[in-house]
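Colleague: Have a look at the structure that comes next, please.
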Amino acid sequence: MKNLMNSRAVSKNANDVVLISEHIRHVSKELFTLERKGWMFTILRDPIQRAVSMFHYLSKADWEVNYRPEWQNWTLMDYVNSNNCENNYYTRMLTGKNQHHILLSQSDVDIAMSVLQKRVLVGLLEHISESVDRFAAYFGWFGSNRLTSNRGKDMKTKDKGTKQCLYQNLLAQPRNVNPVKYNQIEENSMEWVALAKKNEFDLQLYKYAQILFQDQGNYFTKKNISGYNETD
């Protein structure tokens, strides 16, 4: 934890790079070095909820490259029993083992946990407002102002427009919300248990991410990160 929280200083000559990639582990090796270090942050979602949402979304999202119209005639269990089902997506992304035919082991999830602990400022979808505030404080986006205070309207600097944009698109009317309406599944239902078996490593990783989220929060509330205070 201290490695991440104490590594905020970067070269003044370094250019800002925003990297969004499913191949983060490999791409980062090409972009970043010991002299040119990168900061990583992410927002994680419960793996079971993510899989269910993905199934319903791609069955209707005809604007997406991965649109799967045949899924409209499938049940959720049809999806779970197919080769298309989500299979430890987070663990695969963090270890570089993206292809489903590659078997994972406990050592892989241990590596993924280590990456999160040492390299990632963790956000959780279930705590989206708190997560975005932490990102803003950690990277110094808005000085001492929190994104969620006064609905993003309290800025008197050149960053006011940026803050309002982030508030509107991430919190007020999120742009990435699944527009497809569907019923959530209950924990320990037949579908939930089947998905849990296919995503057992991601469930371990997500529980660890929840612990990290709480631990990292201690650094913010103690004001180790400038510009953040939970009571602001």
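Just so we're on the same page: first chain in the structure tokens is A, next is B, and so on; residues restart at 1 for each chain, and ligands are numbered from 1 in the order they show up.
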Can you list, as a PyMOL selection string, every residue of stretch 70-204 of chain A that DSSP puts in helix (DSSP H, G or I)?

Modeller: chain A and resi 70-73+76-80+89-95+106-119+125-139+149-152+160-172+190-198+200-204

Colleague: In Å, with one decimal, what is the gap from atom CA of A:Glu186 to atom CA of A:Trp74?

Modeller: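 That distance, rounded to one decimal, is 18.9 Å.
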
Colleague: Return the single residue from A:Ser82, A:Ala196, A:Leu170, A:Thr162 that is closest to A:Ser131, with distances computed using only C-alpha atoms.

Modeller: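 Ranking A:Ser82, A:Ala196, A:Leu170, A:Thr162 by distance to A:Ser131, first place goes to A:Leu170.
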
Colleague: For A:Cys85, please output as a tab-separated table (two decimals) with N, CA and C atoms, in the first residue's frame all residues within 10 Å (counting only C-alpha atoms; exclusion window: fewer than 2 positions along the same chain).

Modeller:
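Ended up saving to selection-v6.tsv:
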```
chain	number	residue	atom	x	y	z
A	51	ALA	N	-21.06	-9.93	-15.32
A	51	ALA	CA	-21.35	-10.96	-16.31
A	51	ALA	C	-22.81	-10.93	-16.74
A	52	VAL	N	-23.72	-10.77	-15.79
A	52	VAL	CA	-25.15	-10.71	-16.10
A	52	VAL	C	-25.45	-9.50	-16.97
A	54	MET	N	-23.38	-7.89	-18.92
A	54	MET	CA	-22.77	-8.06	-20.24
A	54	MET	C	-23.64	-8.93	-21.14
A	55	PHE	N	-24.20	-9.99	-20.59
A	55	PHE	CA	-25.07	-10.88	-21.36
A	55	PHE	C	-26.27	-10.12	-21.92
A	76	LEU	N	-30.26	-17.05	-19.35
A	76	LEU	CA	-28.98	-16.77	-18.71
A	76	LEU	C	-28.17	-18.05	-18.53
A	77	MET	N	-28.84	-19.16	-18.25
A	77	MET	CA	-28.13	-20.43	-18.10
A	77	MET	C	-27.54	-20.90	-19.42
A	78	ASP	N	-28.22	-20.60	-20.54
A	78	ASP	CA	-27.65	-20.91	-21.85
A	78	ASP	C	-26.31	-20.19	-22.02
A	79	TYR	N	-26.31	-18.93	-21.60
A	79	TYR	CA	-25.09	-18.12	-21.68
A	79	TYR	C	-24.00	-18.70	-20.78
A	80	VAL	N	-24.35	-19.04	-19.55
A	80	VAL	CA	-23.37	-19.57	-18.60
A	80	VAL	C	-22.75	-20.86	-19.12
A	81	ASN	N	-23.54	-21.69	-19.78
A	81	ASN	CA	-23.06	-22.98	-20.26
A	81	ASN	C	-22.35	-22.90	-21.61
A	82	SER	N	-22.28	-21.70	-22.18
A	82	SER	CA	-21.62	-21.53	-23.48
A	82	SER	C	-20.16	-21.14	-23.29
A	83	ASN	N	-19.42	-21.13	-24.40
A	83	ASN	CA	-18.02	-20.70	-24.36
A	83	ASN	C	-17.89	-19.18	-24.36
A	87	ASN	N	-15.34	-15.26	-17.97
A	87	ASN	CA	-14.53	-16.26	-17.28
A	87	ASN	C	-13.31	-15.58	-16.66
A	88	ASN	N	-13.49	-15.11	-15.42
A	88	ASN	CA	-12.39	-14.49	-14.67
A	88	ASN	C	-11.72	-13.37	-15.46
A	100	HIS	N	-9.65	-17.55	-23.19
A	100	HIS	CA	-10.39	-18.43	-22.30
A	100	HIS	C	-9.84	-19.85	-22.23
A	195	LEU	N	-22.45	-19.05	-12.32
A	195	LEU	CA	-21.52	-17.98	-12.69
A	195	LEU	C	-20.35	-17.90	-11.71
A	198	LYS	N	-17.64	-20.29	-12.63
A	198	LYS	CA	-16.86	-19.88	-13.79
A	198	LYS	C	-15.98	-18.67	-13.50
A	199	ASN	N	-16.25	-17.98	-12.40
A	199	ASN	CA	-15.52	-16.76	-12.08
A	199	ASN	C	-14.97	-16.80	-10.65
```

Colleague: When DSSP is applied to the backbone of this structure, which of stretch 78-197 of chain A are assigned strand (DSSP E or B)? Write them out as a list in words.

Modeller: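 Assigned to strand (DSSP E or B), within stretch 78-197 of chain A: Val120, Leu121, Val122, Gly123 and Leu124 of chain A.
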
Colleague: Near A:Tyr67, within 9 Å and counting only C-alpha atoms, which residues show up once chain neighbours fewer than 5 positions away are dropped, as number ranges by chain?

Modeller: A: 57-62

Colleague: Keeping only C-alpha atoms, write the selected residues to a file as a PDB file, in the first residue's frame.

Modeller:
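Output contents, as saved in result.pdb:
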```
ATOM      1  CA  TYR A  57     -26.309  -5.711 -23.006  1.00  0.00           C
ATOM      2  CA  LEU A  58     -24.644  -7.520 -25.911  1.00  0.00           C
ATOM      3  CA  SER A  59     -27.885  -9.311 -26.784  1.00  0.00           C
ATOM      4  CA  LYS A  60     -29.528  -5.947 -27.561  1.00  0.00           C
ATOM      5  CA  ALA A  61     -26.704  -3.486 -28.326  1.00  0.00           C
ATOM      6  CA  ASP A  62     -26.776  -3.546 -32.144  1.00  0.00           C
TER       7      ASP A  62
END
```

Colleague: Do you have the atom CA of A:Tyr219-atom CA of A:Thr33 distance handy?

Modeller: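 Atom CA of A:Thr33 lies at a distance of 26.1 Å from atom CA of A:Tyr219.
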
Colleague: Choose the residue, out of A:Gln216, A:Gln106, A:Gln204, A:Gln49, that has the smallest atom-to-atom separation from A:Glu187; count only C-alpha atoms.

Modeller: A:Gln49
